[in-house]
Structure formats: C-alpha cells, structure tokens
>>> print(open('target-v5.txt').read())   # compact mmCIF, C-alpha atoms
# COMPACT_ATOMS: atom_id res chain seq x y z
CA MET A 1 -148.35 24.71 -142.36
CA ILE A 2 -150.56 23.92 -139.36
CA ALA A 3 -152.47 20.67 -139.83
CA LEU A 4 -154.54 20.94 -136.64
CA ASP A 5 -155.17 24.06 -134.57
CA VAL A 6 -157.12 23.62 -131.32
CA ASP A 7 -158.14 26.71 -129.33
CA GLY A 8 -159.88 26.59 -125.95
CA LEU A 9 -161.78 23.37 -126.66
CA ARG A 10 -164.33 22.59 -123.96
CA LYS A 11 -166.91 19.84 -123.52
CA GLU A 12 -169.54 19.62 -120.78
CA PHE A 13 -171.96 16.77 -120.17
CA THR A 14 -175.21 17.20 -118.26
CA SER A 15 -176.80 14.40 -116.26
CA ARG A 16 -179.64 14.02 -113.78
CA SER A 17 -179.20 12.37 -110.40
CA GLY A 18 -181.30 11.69 -107.32
CA PRO A 19 -184.72 10.05 -106.85
CA PRO A 20 -187.40 10.57 -109.56
CA TRP A 21 -189.30 13.12 -107.46
CA ARG A 22 -186.18 15.21 -106.80
CA ARG A 23 -183.97 15.09 -109.88
CA ARG A 24 -180.94 17.36 -109.92
CA ARG A 25 -179.09 18.48 -113.03
CA GLU A 26 -175.34 18.06 -112.77
CA THR A 27 -172.77 19.38 -115.21
CA VAL A 28 -169.49 17.52 -115.67
CA THR A 29 -166.63 19.18 -117.56
CA ALA A 30 -164.72 16.50 -119.46
CA VAL A 31 -162.45 18.84 -121.47
CA ASP A 32 -161.66 22.25 -120.02
CA GLY A 33 -160.08 24.77 -122.39
CA VAL A 34 -157.61 22.57 -124.27
CA SER A 35 -155.36 24.37 -126.78
CA PHE A 36 -152.55 23.07 -128.98
CA SER A 37 -151.45 23.08 -132.61
CA ILE A 38 -149.78 20.40 -134.73
CA PRO A 39 -147.62 21.28 -137.75
CA ALA A 40 -148.03 19.14 -140.85
CA GLY A 41 -145.85 16.03 -140.83
CA GLU A 42 -145.63 15.67 -137.04
CA ILE A 43 -146.55 12.80 -134.71
CA PHE A 44 -148.20 14.40 -131.67
CA SER A 45 -149.23 12.26 -128.68
CA LEU A 46 -152.00 13.18 -126.26
CA LEU A 47 -151.52 11.29 -122.99
CA GLY A 48 -153.56 11.17 -119.81
CA PRO A 49 -155.06 8.90 -117.14
CA ASN A 50 -158.40 7.21 -117.72
CA GLY A 51 -161.12 9.85 -117.45
CA ALA A 52 -158.70 12.73 -118.12
CA GLY A 53 -160.57 13.86 -121.23
CA LYS A 54 -158.31 12.65 -124.04
CA THR A 55 -160.87 10.38 -125.74
CA THR A 56 -163.56 13.09 -125.48
CA CYS A 57 -161.09 15.48 -127.07
CA ILE A 58 -160.37 13.02 -129.89
CA LYS A 59 -164.10 12.48 -130.50
CA MET A 60 -164.66 16.22 -130.82
CA LEU A 61 -161.81 16.51 -133.30
CA ALA A 62 -163.26 13.54 -135.21
CA THR A 63 -166.61 15.45 -135.45
CA LEU A 64 -168.38 12.80 -133.34
CA LEU A 65 -169.09 15.28 -130.51
CA ILE A 66 -169.90 18.98 -130.75
CA PRO A 67 -167.76 21.15 -128.43
CA THR A 68 -169.50 23.18 -125.75
CA ALA A 69 -167.03 26.00 -126.41
CA GLY A 70 -163.78 26.68 -128.21
CA SER A 71 -162.80 25.75 -131.74
CA ALA A 72 -160.58 23.49 -133.79
CA ARG A 73 -159.51 23.66 -137.43
CA VAL A 74 -158.15 20.93 -139.68
CA LEU A 75 -156.05 22.58 -142.40
CA GLY A 76 -158.10 25.73 -141.87
CA HIS A 77 -161.53 24.04 -141.84
CA ASP A 78 -163.70 24.40 -138.72
CA ILE A 79 -164.70 21.03 -137.21
CA VAL A 80 -168.27 22.24 -136.53
CA LYS A 81 -169.05 24.64 -139.38
CA GLU A 82 -167.22 22.63 -142.07
CA GLU A 83 -167.75 19.09 -140.82
CA GLN A 84 -167.86 17.44 -144.26
CA ALA A 85 -164.66 19.14 -145.42
CA VAL A 86 -162.94 18.05 -142.20
CA ARG A 87 -164.02 14.44 -142.71
CA ARG A 88 -162.54 14.45 -146.20
CA LEU A 89 -159.19 15.62 -144.82
CA MET A 90 -159.04 13.44 -141.72
CA THR A 91 -159.64 9.87 -140.60
CA ALA A 92 -159.91 8.62 -137.01
CA VAL A 93 -159.36 5.11 -135.67
CA LEU A 94 -160.89 4.83 -132.20
CA PRO A 95 -161.24 1.90 -129.78
CA GLY A 96 -164.79 0.63 -129.63
CA GLU A 97 -166.59 -1.50 -132.20
CA ARG A 98 -165.53 -3.69 -135.08
CA THR A 99 -164.96 -1.71 -138.23
CA LEU A 100 -164.64 -4.55 -140.72
CA PHE A 101 -167.13 -7.13 -141.94
CA TRP A 102 -165.69 -10.42 -140.73
CA LYS A 103 -167.54 -12.57 -143.28
CA LEU A 104 -166.12 -10.59 -146.22
CA THR A 105 -162.61 -10.77 -147.63
CA VAL A 106 -160.07 -8.01 -147.11
CA ARG A 107 -160.50 -6.85 -150.72
CA GLU A 108 -164.31 -6.85 -150.43
CA ASN A 109 -164.11 -4.80 -147.24
CA LEU A 110 -161.79 -2.21 -148.73
CA ARG A 111 -163.81 -1.89 -151.93
CA TYR A 112 -167.00 -1.45 -149.92
CA PHE A 113 -165.60 1.34 -147.77
CA ALA A 114 -163.94 2.99 -150.77
CA ALA A 115 -167.40 3.19 -152.35
CA LEU A 116 -168.68 4.90 -149.18
CA TYR A 117 -165.84 7.40 -149.52
CA GLY A 118 -166.99 8.03 -153.11
CA LEU A 119 -163.77 6.75 -154.69
CA ASP A 120 -163.88 5.42 -158.25
CA ARG A 121 -163.01 1.77 -158.94
CA ALA A 122 -159.74 2.38 -160.80
CA PHE A 123 -158.37 4.62 -158.04
CA THR A 124 -159.69 2.21 -155.40
CA ASP A 125 -157.98 -0.87 -156.81
CA ARG A 126 -154.70 1.00 -157.26
CA ARG A 127 -154.94 2.36 -153.70
CA ILE A 128 -155.78 -1.07 -152.26
CA ASP A 129 -152.70 -2.58 -153.92
CA GLU A 130 -150.50 0.27 -152.65
CA LEU A 131 -151.76 0.16 -149.06
CA THR A 132 -151.87 -3.61 -148.59
CA SER A 133 -148.33 -3.86 -149.96
CA PHE A 134 -147.23 -1.01 -147.69
CA PHE A 135 -148.71 -2.71 -144.60
CA GLY A 136 -147.58 -6.20 -145.60
CA VAL A 137 -151.05 -7.74 -145.98
CA ALA A 138 -151.26 -7.94 -149.79
CA GLU A 139 -151.23 -11.75 -149.64
CA LYS A 140 -154.34 -11.60 -147.41
CA LEU A 141 -156.55 -9.73 -149.91
CA GLY A 142 -158.57 -12.89 -150.64
CA ALA A 143 -158.78 -14.00 -147.00
CA LEU A 144 -161.84 -13.57 -144.81
CA VAL A 145 -161.30 -10.96 -142.11
CA GLU A 146 -162.34 -13.48 -139.45
CA LYS A 147 -159.30 -15.60 -140.41
CA LEU A 148 -156.80 -12.79 -139.78
CA SER A 149 -154.76 -12.28 -136.63
CA THR A 150 -155.45 -9.24 -134.45
CA GLY A 151 -152.36 -7.50 -135.81
CA GLN A 152 -153.35 -8.21 -139.42
CA ARG A 153 -156.87 -6.88 -138.80
CA GLN A 154 -155.44 -3.71 -137.31
CA LYS A 155 -153.30 -3.23 -140.41
CA VAL A 156 -156.39 -3.66 -142.61
CA VAL A 157 -158.17 -1.04 -140.47
CA LEU A 158 -155.29 1.34 -141.19
CA CYS A 159 -155.54 0.50 -144.90
CA ARG A 160 -159.18 1.45 -144.73
CA ALA A 161 -158.37 4.68 -142.87
CA LEU A 162 -155.84 5.69 -145.53
CA LEU A 163 -157.97 4.83 -148.58
CA PRO A 164 -159.06 8.46 -149.20
CA ASP A 165 -155.47 9.69 -148.68
CA PRO A 166 -156.23 11.88 -145.61
CA ALA A 167 -153.81 14.58 -144.48
CA LEU A 168 -154.48 13.97 -140.75
CA ILE A 169 -154.93 10.63 -138.97
CA LEU A 170 -156.22 10.33 -135.39
CA LEU A 171 -155.08 7.07 -133.78
CA ASP A 172 -156.59 6.31 -130.37
CA GLU A 173 -154.74 3.38 -128.73
CA PRO A 174 -153.70 1.78 -132.06
CA THR A 175 -151.60 -1.04 -130.54
CA LEU A 176 -153.96 -2.15 -127.77
CA GLY A 177 -154.36 -5.92 -127.74
CA LEU A 178 -151.46 -6.59 -130.09
CA ASP A 179 -148.60 -8.94 -129.27
CA PRO A 180 -145.16 -7.28 -128.95
CA HIS A 181 -144.06 -8.22 -132.49
CA ALA A 182 -147.27 -6.91 -134.08
CA ALA A 183 -147.14 -3.74 -131.96
CA ARG A 184 -143.55 -3.04 -133.01
CA SER A 185 -144.47 -3.60 -136.65
CA LEU A 186 -147.40 -1.20 -136.34
CA ARG A 187 -145.19 1.47 -134.74
CA GLU A 188 -142.86 1.21 -137.72
CA MET A 189 -145.88 1.70 -139.98
CA ILE A 190 -146.96 4.81 -138.06
CA ARG A 191 -143.50 6.32 -138.53
CA ALA A 192 -143.66 5.46 -142.23
CA ILE A 193 -147.05 7.20 -142.49
CA ARG A 194 -145.48 10.32 -140.97
CA ASP A 195 -142.55 10.05 -143.38
CA GLN A 196 -145.05 10.27 -146.25
CA GLY A 197 -145.96 13.76 -145.05
CA LYS A 198 -149.05 12.77 -143.05
CA THR A 199 -149.84 14.25 -139.65
CA VAL A 200 -150.64 11.83 -136.82
CA LEU A 201 -152.43 12.58 -133.54
CA LEU A 202 -151.87 9.60 -131.27
CA THR A 203 -153.19 8.54 -127.88
CA THR A 204 -151.68 5.59 -126.06
CA HIS A 205 -151.35 4.13 -122.56
CA TYR A 206 -147.86 2.89 -123.40
CA MET A 207 -145.40 5.59 -122.39
CA TYR A 208 -142.46 3.96 -124.17
CA GLU A 209 -144.55 4.01 -127.36
CA ALA A 210 -145.22 7.74 -127.08
CA ASP A 211 -141.54 8.33 -126.27
CA GLU A 212 -140.41 6.32 -129.29
CA LEU A 213 -142.86 7.75 -131.83
CA SER A 214 -143.68 11.32 -130.86
CA ASP A 215 -142.18 14.57 -132.03
CA ARG A 216 -144.12 16.24 -129.20
CA VAL A 217 -146.27 15.09 -126.30
CA ALA A 218 -149.06 16.76 -124.31
CA ILE A 219 -150.30 15.35 -121.01
CA ILE A 220 -153.92 16.04 -120.13
CA HIS A 221 -155.23 15.76 -116.56
CA ASN A 222 -158.70 16.62 -115.27
CA GLY A 223 -159.58 17.98 -118.70
CA ARG A 224 -156.62 20.37 -118.95
CA ILE A 225 -153.21 20.13 -120.57
CA VAL A 226 -150.62 20.23 -117.79
CA CYS A 227 -147.45 20.04 -119.91
CA MET A 228 -146.47 19.91 -123.57
CA ASP A 229 -143.09 19.55 -125.29
CA SER A 230 -140.81 16.99 -126.90
CA PRO A 231 -140.26 13.78 -124.87
CA ALA A 232 -136.60 14.72 -124.29
CA VAL A 233 -137.46 18.16 -122.89
CA LEU A 234 -140.23 16.75 -120.68
CA LYS A 235 -137.86 14.16 -119.20
CA ARG A 236 -135.25 16.85 -118.51
CA SER A 237 -137.92 18.89 -116.72
CA LEU A 238 -137.86 16.36 -113.86
CA ASN A 239 -134.42 17.70 -112.90
CA ALA A 240 -133.35 14.17 -112.01
CA ASN A 241 -129.93 12.77 -112.96
CA LYS A 242 -131.21 9.24 -112.58
CA ILE A 243 -133.97 7.27 -110.91
CA ILE A 244 -133.49 4.44 -108.42
CA ARG A 245 -136.36 1.97 -108.20
CA LEU A 246 -136.53 -0.31 -105.18
CA GLU A 247 -138.80 -3.14 -104.19
CA THR A 248 -138.89 -3.89 -100.48
CA ASP A 249 -141.02 -6.01 -98.17
CA VAL A 250 -141.87 -2.93 -96.07
CA TRP A 251 -141.12 0.80 -96.11
CA PRO A 252 -142.11 2.38 -92.79
CA HIS A 253 -142.64 6.13 -92.53
CA GLU A 254 -139.39 6.33 -90.57
CA CYS A 255 -137.56 5.25 -93.74
CA THR A 256 -138.83 8.29 -95.60
CA MET A 257 -137.85 10.61 -92.74
CA ALA A 258 -134.38 9.04 -92.52
CA PHE A 259 -133.98 9.30 -96.30
CA ASP A 260 -134.81 13.01 -96.23
CA ARG A 261 -132.20 13.58 -93.50
CA ARG A 262 -129.46 11.48 -95.08
CA PHE A 263 -130.02 12.42 -98.74
CA PRO A 264 -131.32 16.01 -98.75
CA GLY A 265 -132.44 17.46 -102.06
CA ASN A 266 -133.66 14.08 -103.35
CA ASP A 267 -137.17 12.62 -103.32
CA ALA A 268 -138.42 9.16 -102.38
CA VAL A 269 -142.02 8.10 -103.03
CA ALA A 270 -143.30 4.71 -101.83
CA GLU A 271 -146.46 2.88 -102.85
CA GLU A 272 -147.77 -0.62 -102.24
CA ARG A 273 -148.51 -2.82 -105.26
CA ASP A 274 -148.99 -6.58 -105.39
CA GLY A 275 -147.94 -7.05 -101.78
CA GLN A 276 -144.61 -5.26 -102.26
CA MET A 277 -143.50 -1.72 -101.51
CA HIS A 278 -142.29 0.04 -104.66
CA VAL A 279 -140.03 3.00 -103.93
CA THR A 280 -139.11 5.53 -106.62
CA ILE A 281 -136.15 7.76 -105.79
CA MET A 282 -135.49 10.87 -107.88
CA VAL A 283 -131.76 11.59 -107.65
CA ARG A 284 -131.73 15.37 -108.05
CA SER A 285 -128.71 16.30 -105.96
CA GLY A 286 -125.34 14.55 -105.63
CA GLU A 287 -124.96 10.78 -105.69
CA ILE A 288 -126.71 8.06 -103.72
CA ALA A 289 -124.64 4.94 -103.11
CA ILE A 290 -126.77 1.81 -103.30
CA GLY A 291 -124.85 0.24 -100.41
CA GLU A 292 -125.51 3.23 -98.17
CA LEU A 293 -129.17 3.23 -99.19
CA ALA A 294 -129.52 -0.51 -98.45
CA GLY A 295 -127.88 -0.03 -95.06
CA MET A 296 -130.35 2.72 -94.16
CA VAL A 297 -133.31 0.56 -95.22
CA ASN A 298 -132.04 -2.39 -93.17
CA GLU A 299 -131.82 -0.20 -90.07
CA TYR A 300 -135.62 0.07 -90.13
CA GLY A 301 -136.33 -3.64 -90.59
CA ALA A 302 -136.85 -3.53 -94.35
CA MET A 303 -135.12 -5.67 -96.94
CA ILE A 304 -134.52 -4.67 -100.56
CA THR A 305 -135.53 -7.44 -102.97
CA THR A 306 -134.97 -5.58 -106.25
CA VAL A 307 -133.03 -2.48 -107.23
CA ARG A 308 -132.78 -0.78 -110.63
CA VAL A 309 -131.01 2.41 -111.66
CA GLU A 310 -132.52 4.05 -114.76
CA GLU A 311 -132.65 7.23 -116.76
CA PRO A 312 -135.83 9.31 -116.24
CA SER A 313 -138.67 8.08 -118.47
CA LEU A 314 -141.80 9.61 -119.93
CA GLU A 315 -143.78 7.53 -117.44
CA ASP A 316 -141.97 9.33 -114.62
CA VAL A 317 -143.08 12.64 -116.15
CA PHE A 318 -146.63 11.28 -116.41
CA ILE A 319 -146.72 10.25 -112.75
CA GLU A 320 -145.13 13.53 -111.64
CA MET A 321 -147.72 15.60 -113.55
CA THR A 322 -150.85 13.52 -112.83
CA GLY A 323 -150.07 11.65 -109.62
CA GLU A 324 -151.41 8.50 -111.29
CA ARG A 325 -149.99 5.38 -112.85
CA VAL A 326 -150.82 4.40 -116.39
CA GLU A 327 -153.77 2.04 -116.80
CA SER A 328 -154.66 0.11 -119.92
CA ALA A 329 -157.68 -1.58 -121.43
CA ASP A 330 -158.41 -3.61 -124.52
CA ALA A 331 -160.90 -2.74 -127.23
CA GLU A 332 -161.60 -3.30 -130.90
CA PRO A 333 -160.95 -0.25 -133.10
CA LEU A 334 -163.73 2.03 -134.34
CA LEU A 335 -163.02 3.96 -137.53
CA VAL A 336 -164.83 7.14 -138.53
>>> encode(input="target-v5.txt", output="structure tokens")
Amino acid sequence: MIALDVDGLRKEFTSRSGPPWRRRRETVTAVDGVSFSIPAGEIFSLLGPNGAGKTTCIKMLATLLIPTAGSARVLGHDIVKEEQAVRRLMTAVLPGERTLFWKLTVRENLRYFAALYGLDRAFTDRRIDELTSFFGVAEKLGALVEKLSTGQRQKVVLCRALLPDPALILLDEPTLGLDPHAARSLREMIRAIRDQGKTVLLTTHYMYEADELSDRVAIIHNGRIVCMDSPAVLKRSLNANKIIRLETDVWPHECTMAFDRRFPGNDAVAEERDGQMHVTIMVRSGEIAIGELAGMVNEYGAMITTVRVEEPSLEDVFIEMTGERVESADAEPLLV
C-alpha cells in the first residue's frame, strides 16, 4: 500500500521588486516538479541544502501551502481537494514556533490538544498513558512544560503528534537542538514508530541520521530531486572504494595538477575552511599510498596536518549531487 504518492509537485512564489514607481513582478520556483512515492511502513528522508525546496515541499504535503501544480495523495486522499481527510491521517512536526503551552502541565497540554482533535476523554487518557510510557516521559505528566529539558519537550511534541494515531508522520528536523544522548534516544523512538506500521517522512541536516534511519533517501536541489534510492545504493553510486580526507596548511593548484598526473582516475577536491585546506580524495582506481601522497604534497611546500581514510558516506553523495556542504540551524518545532 502506498502511504504517500507525490506527482509533479510544483510551487511558485510571486514577489514585487524595484522602486515604488516601477515595481516588477518576479516569480520564484521553490519546488519544480517533485515526484516520489512512499510505501506504508517506510522511513523516507528528503535531504537538500538550505533553500533547495524541501521545507516548502513538506508544507505543501502538510496542507499549509497550496501547490501551484501537481498533486499528492495521502492514502488515496488528495491534499488539496480532501484537506480535512488528509489532516486526520497525517501529522507534521515542523521547525518554527512553540507547540506546547509552557505554563500548563504535560497532561493538561495533551488533553487540550486531544480535545482539538475531537478525541473522547476515555480514549485520550488511555492514549496519553500509552504514548508517555512509550516515549519515557510518563513520570513528567504532572510537570510544567517549562520545567522540561529540550529533549523531553520534543518527546512530548511527538506524543501530541501521535495522539490521533496518524498513519503518516512528517518530521522536519526532529533532532535539531538536542544533545547527542537525547538525539540518539529520539532516533530510536522514530524507528519504533516505524516498527508500529507508521510511515515517516523525515528531513534532516544530519547525514549520519538519514543514513542510520532511512529505508530510502531523496536529495532535492534547486527544487528538483536529483537522486533517490537506499543509502547503501547511493553511496555505491560514487564509484569510490574509499575516501581520503586531508587537512593541509596550503594546497596550491600545482598540487591538483600533480595529483591528476600521478594518480589518474581518482579525484581530489580542495576547499578552504577555518584557515585550513580540506582535501577530499575519491579513490576510484587502484590504491593510493599515504606515504606517496604525503611526499607529493611536500614537494609543493604543503604539509599534511591530518589524514583520515574512510568509507564513502551519505554526506559525500550529498556534496557530489549538490556541490554544497550541509548547513544546520536551530528552531523550536511547529506541529500541524
């Protein structure tokens, strides 16, 4: 069964620019013909640089924005024509504003939002006990939300999202702002949600998180999906046996030319960050001895300060497909 079917989704925004006496209308395409489908019970990650269109896409699927063109169906229900049915089947947690009343207790918050969902009291209290036990916050039911840690508040937000027992959950940056322990705990919860038969559409700036959680991944760039498959298949698509990462004080252009001559069939890309040159070498052909590589670098007046040899990662796929590094930002979650 297909939980979410997206076909040619497009969103354009119109703005006016220029002086008041000579305003010009400009059209910006944020999402440009995005198509994908998610079977029930799958964790599907939508990744992309800032401004790539992923949050706009999520907001359309959450019925917060009307598409300019294309369509999407949640368990067969159209997100525009059957908005209310879609909202009963799906919950979205988006970065943005606070979604809990901080001066109320956890129980008071959950009962309030259950009433908005139209749930009866007996079902609500049973569901609250189930969810808070599941997320490990049952002992906080009588605590004010303002007294909770960030990780505990995020778990309560997920309790709220799951109150009506939705089939599809949209999670936009769910672990932003969490400490490593809380983030790991939340990832375990997301897997457990999937194991209950729920479908999860996830966006994240943390590539290791998408790699760890996702059954499939799509990368969106400039409003279009540029690749889509399982993390393992995407990493194999780089055709790299391993990746050598160097940090050097300098990396003159002559180094790149010498590398191409000495190690043909392999790629070296250098960029400056934090006063150091970071060189990523895709080993696609043969072997590259670190000693030989260091000797070549020294010939051109550079000195290697750090060297790491790794397996290709999802972040390497991301950079290869978008030409950009992953950026991150913090925000409170917004639930719809």
>>> residues_around(input="target-v5.txt", residues="stretch 24-26 of chain A", least_positions_apart="3", cutoff="6 Å", atoms="all atoms listed in the file", output="ChimeraX atom specification")
/A:14-17
>>> closest_residue(input="target-v5.txt", among="A:Ile243, A:Val106, A:Leu178, A:Met228", to="A:Gly142", atoms="only C-alpha atoms")
A:Val106
>>> closest_residue(input="target-v5.txt", among="A:Arg88, A:Arg236, A:Arg187, A:Arg194", to="A:Ala40", atoms="all atoms listed in the file")
A:Arg194
>>> residues_near_point(input="target-v5.txt", point="(-151.5, 16.6, -133.8)", cutoff="10 Å", atoms="all atoms listed in the file", output="number ranges by chain")
A: 2-6, 36-46, 74, 168-170, 199-202, 214-218
>>> residues_around(input="target-v5.txt", residues="A:Met189", least_positions_apart="2", cutoff="10 Å", atoms="only C-alpha atoms", output="NGL selection string")
:A and (134-136 or 155 or 158 or 183-187 or 191-195)
>>> closest_residue(input="target-v5.txt", among="A:Cys159, A:Ile66, A:Leu61, A:Met207", to="A:Lys11", atoms="only C-alpha atoms")
A:Ile66
>>> closest_residue(input="target-v5.txt", among="A:Val269, A:Leu47, A:Val226, A:Val34", to="A:Ala72", atoms="only C-alpha atoms")
A:Val34
>>> closest_residue(input="target-v5.txt", among="A:Ser35, A:Ser237, A:Gln84, A:Asn50", to="A:Ser313", atoms="all atoms listed in the file")
A:Ser237
>>> atom_distance(input="target-v5.txt", atom1="atom CA of A:Met90", atom2="atom CA of A:Ala161")
8.9 Å
>>> closest_residue(input="target-v5.txt", among="A:Ile225, A:Ile128, A:Met321, A:Ala289", to="A:Val31", atoms="all atoms listed in the file")
A:Ile225
>>> atom_distance(input="target-v5.txt", atom1="atom CA of A:Gly70", atom2="atom CA of A:Gly33")
7.2 Å
>>> atom_distance(input="target-v5.txt", atom1="atom CA of A:Val86", atom2="atom CA of A:Thr68")
18.4 Å
>>> residues_around(input="target-v5.txt", residues="A:Val297", least_positions_apart="6", cutoff="12 Å", atoms="only C-alpha atoms", output="ChimeraX atom specification")
/A:246-259,262,279,290-291,303-305
>>> residues_near_point(input="target-v5.txt", point="(-149.0, 5.8, -124.6)", cutoff="10 Å", atoms="only C-alpha atoms", output="list in words")
Ser45, Leu46, Leu47, Gly48, Asp172, Glu173, Pro174, Thr175, Leu176, Leu202, Thr203, Thr204, His205, Tyr206, Met207, Tyr208, Glu209, Ala210, Asp211, Glu212, Leu213, Ser214, Val217, Leu314, Glu315, Val326, Glu327 and Ser328 of chain A
>>> residues_around(input="target-v5.txt", residues="A:Phe263", least_positions_apart="5", cutoff="10 Å", atoms="only C-alpha atoms", output="mmCIF file with C-alpha atoms, in the frame of the given file")
data_model
loop_
_atom_site.group_PDB
_atom_site.id
_atom_site.type_symbol
_atom_site.label_atom_id
_atom_site.label_comp_id
_atom_site.auth_asym_id
_atom_site.auth_seq_id
_atom_site.Cartn_x
_atom_site.Cartn_y
_atom_site.Cartn_z
ATOM 1 C CA ALA A 258 -134.380 9.040 -92.520
ATOM 2 C CA ALA A 268 -138.420 9.160 -102.380
ATOM 3 C CA VAL A 283 -131.760 11.590 -107.650
ATOM 4 C CA ARG A 284 -131.730 15.370 -108.050
ATOM 5 C CA SER A 285 -128.710 16.300 -105.960
ATOM 6 C CA GLY A 286 -125.340 14.550 -105.630
ATOM 7 C CA GLU A 287 -124.960 10.780 -105.690
ATOM 8 C CA ILE A 288 -126.710 8.060 -103.720
ATOM 9 C CA LEU A 293 -129.170 3.230 -99.190
#
